[in-house]
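Worksheet: the structure to be examined is printed underneath.
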Amino acid sequence: ALFADGLTQILADYDKQWNAFEAKVLDKLTESFKTCCTSAAKRRKSSYEASDFFWYSSLGSASERLEWDKIGKHVGIASPAGDKPYMKLSDLIERFLPRLQSLGFKSVEVLPGRCIKVTWRTPEEPPAKRARVVQGNLNHACGICHEKKPMVAAV
């Protein structure tokens with residue numbers, strides 16, 4: 001093995017450690033966010049805004065500059081040593097948004113001042129229609145009714 005291959009392995013190991021750490025932090029944020037939204041719903045609200053208090057209670061800090069060692073202690077996992085891929089709360093928020101969007105909120109928006117606002121439907125509103133999921137690896141056109149549908153074909 002070449003020396004450079006060893007260096008590449010070090011980078012790969014660090015990336016693996018960082019991804020596991022970041023996933024734990026995002027898991028903790030997601031659970032905290034769900035708890036806050038549940039509390040808001042119990043207070044008859046159909047929205048929640050995560051402000052500095054949310055960041056402080058979830059990460060142990062609400063400053064724009066992330067203190068990964070402090071966050072790691074708060075989350076319960078050691079922060080990997082070395083340079084961090086990002087150091088700003090706004091970058092963490094950017095990575096957090098896809099998780100929030102996958103929870104089915106009516107809207108997810110980032111407001112000025114490190115604030116995230118989510119809304120969900122009220123009981124008076126009709127449920128959101130689910131997107132139709134196309135399944136299959138072949139499109140079939142019916143010769144009689146001319147309807148086109150995806151179908152599964154074994155080859």
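Chain identifiers are assigned as A, B, and so on, following the order in which chains appear in the structure tokens; residues are numbered from 1 within each chain, and ligands are numbered from 1 in order of appearance.
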Under the rule of at most 10 Å, produce a per-residue listing of stretch 82-126 of chain A near stretch 33-41 of chain A: chain, number, name, the closest pair of atoms, and the distance in Å, as a tab-separated table, using only C-alpha atoms.
```
residue	atom	partner	partner_atom	distance
A:Leu100	CA	A:Phe33	CA	8.7
A:Leu103	CA	A:Lys34	CA	9.3
A:Val118	CA	A:Cys37	CA	8.6
A:Thr119	CA	A:Cys37	CA	9.2
A:Trp120	CA	A:Ala41	CA	9.3
A:Thr122	CA	A:Ala41	CA	9.7
```
> Between atom CA of A:Leu97 and atom CA of A:Ile71, what is the spacing in Å?
Replying inline: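 Answer for the atom CA of A:Ile71 to atom CA of A:Leu97 separation: 18.6 Å.
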> Among stretch 30-143 of chain A, which residues carry a DSSP assignment of strand (DSSP E), reported as a PyMOL selection string?
Replying inline: chain A and resi 47-50+107-111+115-119+138-141
Atoms to include: C-alpha atoms. Write the selected residues as a CSV table (one decimal), in the first residue's frame.
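File written: again-v4.csv
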```csv
chain,number,residue,atom,x,y,z
A,47,SER,CA,-47.2,26.3,14.2
A,48,TYR,CA,-44.0,26.4,16.1
A,49,GLU,CA,-41.0,28.7,15.8
A,50,ALA,CA,-37.6,27.4,16.9
A,107,SER,CA,-44.6,24.6,5.6
A,108,VAL,CA,-41.0,24.9,6.8
A,109,GLU,CA,-39.3,28.2,6.6
A,110,VAL,CA,-36.1,29.8,7.9
A,111,LEU,CA,-36.7,33.2,9.4
A,115,CYS,CA,-35.4,30.9,13.6
A,116,ILE,CA,-37.2,28.0,11.9
A,117,LYS,CA,-41.0,28.2,11.6
A,118,VAL,CA,-43.1,25.2,10.8
A,119,THR,CA,-46.8,24.9,10.4
A,138,LEU,CA,-41.6,-0.6,-17.5
A,139,ASN,CA,-44.4,1.6,-18.9
A,140,HIS,CA,-47.3,-0.3,-20.4
A,141,ALA,CA,-49.9,1.1,-22.7
```
>> Could you tell me how far atom CA of A:Trp55 sits from atom CA of A:Leu89, in Å to one decimal place?
In response: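 Taking atom CA of A:Leu89 as the start and atom CA of A:Trp55 as the end point, the length is 9.1 Å.
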>> Considering only C-alpha atoms, can you say which of A:Arg114, A:Lys84, A:Arg99, A:Lys149 comes closest to A:Leu29?
In response: A:Arg99
>> I'd like the contact shell of A:Trp68 - 10 Å cut-off, only C-alpha atoms, skipping same-chain residues fewer than 4 positions apart - returned as a PyMOL selection string.
In response: chain A and resi 21-22+25+59+61+72-74+78-81+84+86-87
Would you mind exporting C-alpha atoms of the selected residues as an mmCIF file, in the first residue's frame?
```cif
data_model
loop_
_atom_site.group_PDB
_atom_site.id
_atom_site.type_symbol
_atom_site.label_atom_id
_atom_site.label_comp_id
_atom_site.auth_asym_id
_atom_site.auth_seq_id
_atom_site.Cartn_x
_atom_site.Cartn_y
_atom_site.Cartn_z
ATOM 1 C CA PHE A 21 -21.558 12.390 15.095
ATOM 2 C CA GLU A 22 -23.577 14.725 12.875
ATOM 3 C CA VAL A 25 -26.755 15.698 16.664
ATOM 4 C CA LEU A 59 -27.417 22.048 21.750
ATOM 5 C CA SER A 61 -25.566 26.931 22.947
ATOM 6 C CA GLY A 72 -21.061 16.703 21.853
ATOM 7 C CA LYS A 73 -21.226 16.724 25.647
ATOM 8 C CA HIS A 74 -24.822 17.964 25.527
ATOM 9 C CA ALA A 78 -17.731 12.936 21.729
ATOM 10 C CA SER A 79 -17.070 15.328 18.889
ATOM 11 C CA PRO A 80 -14.459 13.945 16.464
ATOM 12 C CA ALA A 81 -11.052 15.581 16.779
ATOM 13 C CA LYS A 84 -14.922 20.512 11.427
ATOM 14 C CA TYR A 86 -18.647 23.735 9.174
ATOM 15 C CA MET A 87 -18.711 26.020 12.181
#
```
> Residues at most 10 Å from A:Pro85, counting only C-alpha atoms, excluding those fewer than 4 positions away in the same chain, as a PyMOL selection string?
Replying inline: chain A and resi 15+18+91
Suppose we keep all heavy atoms; can you now write the selection as a PDB file, in the first residue's frame?
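Done, and the output landed in again34.pdb:
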```
ATOM      1  N   ASP A  15     -14.295  11.052   8.043  1.00  0.00           N
ATOM      2  CA  ASP A  15     -15.622  11.315   7.480  1.00  0.00           C
ATOM      3  C   ASP A  15     -16.666  10.400   8.110  1.00  0.00           C
ATOM      4  O   ASP A  15     -17.779  10.829   8.409  1.00  0.00           O
ATOM      5  CB  ASP A  15     -15.617  11.125   5.958  1.00  0.00           C
ATOM      6  CG  ASP A  15     -14.947  12.279   5.229  1.00  0.00           C
ATOM      7  OD1 ASP A  15     -14.699  13.328   5.859  1.00  0.00           O
ATOM      8  OD2 ASP A  15     -14.673  12.124   4.023  1.00  0.00           O
ATOM      9  N   TRP A  18     -17.305  11.688  11.599  1.00  0.00           N
ATOM     10  CA  TRP A  18     -18.045  12.946  11.553  1.00  0.00           C
ATOM     11  C   TRP A  18     -19.504  12.694  11.174  1.00  0.00           C
ATOM     12  O   TRP A  18     -20.412  13.250  11.792  1.00  0.00           O
ATOM     13  CB  TRP A  18     -17.417  13.936  10.568  1.00  0.00           C
ATOM     14  CG  TRP A  18     -18.290  15.138  10.443  1.00  0.00           C
ATOM     15  CD1 TRP A  18     -19.164  15.429   9.448  1.00  0.00           C
ATOM     16  CD2 TRP A  18     -18.445  16.177  11.410  1.00  0.00           C
ATOM     17  NE1 TRP A  18     -19.841  16.579   9.726  1.00  0.00           N
ATOM     18  CE2 TRP A  18     -19.416  17.059  10.933  1.00  0.00           C
ATOM     19  CE3 TRP A  18     -17.859  16.441  12.628  1.00  0.00           C
ATOM     20  CZ2 TRP A  18     -19.805  18.196  11.628  1.00  0.00           C
ATOM     21  CZ3 TRP A  18     -18.252  17.573  13.328  1.00  0.00           C
ATOM     22  CH2 TRP A  18     -19.213  18.439  12.825  1.00  0.00           C
ATOM     23  N   ASP A  91     -25.233  26.783   8.912  1.00  0.00           N
ATOM     24  CA  ASP A  91     -24.906  25.578   8.136  1.00  0.00           C
ATOM     25  C   ASP A  91     -25.573  24.342   8.739  1.00  0.00           C
ATOM     26  O   ASP A  91     -26.020  23.452   8.007  1.00  0.00           O
ATOM     27  CB  ASP A  91     -23.388  25.376   8.089  1.00  0.00           C
ATOM     28  CG  ASP A  91     -22.685  26.479   7.311  1.00  0.00           C
ATOM     29  OD1 ASP A  91     -23.293  27.024   6.370  1.00  0.00           O
ATOM     30  OD2 ASP A  91     -21.535  26.801   7.649  1.00  0.00           O
TER      31      ASP A  91
END
```
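Considering the residues A:Gly104, A:Arg95, A:Ser46, A:Asp83 and counting only C-alpha atoms, A:Glu124 has its shortest atom-to-atom contact with A:Ser46.
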> Between A:Val75, A:Ser63, A:Asp69, A:Phe53, which has the minimum distance to A:Ser90 (counting only C-alpha atoms)?
Replying inline: A:Ser63
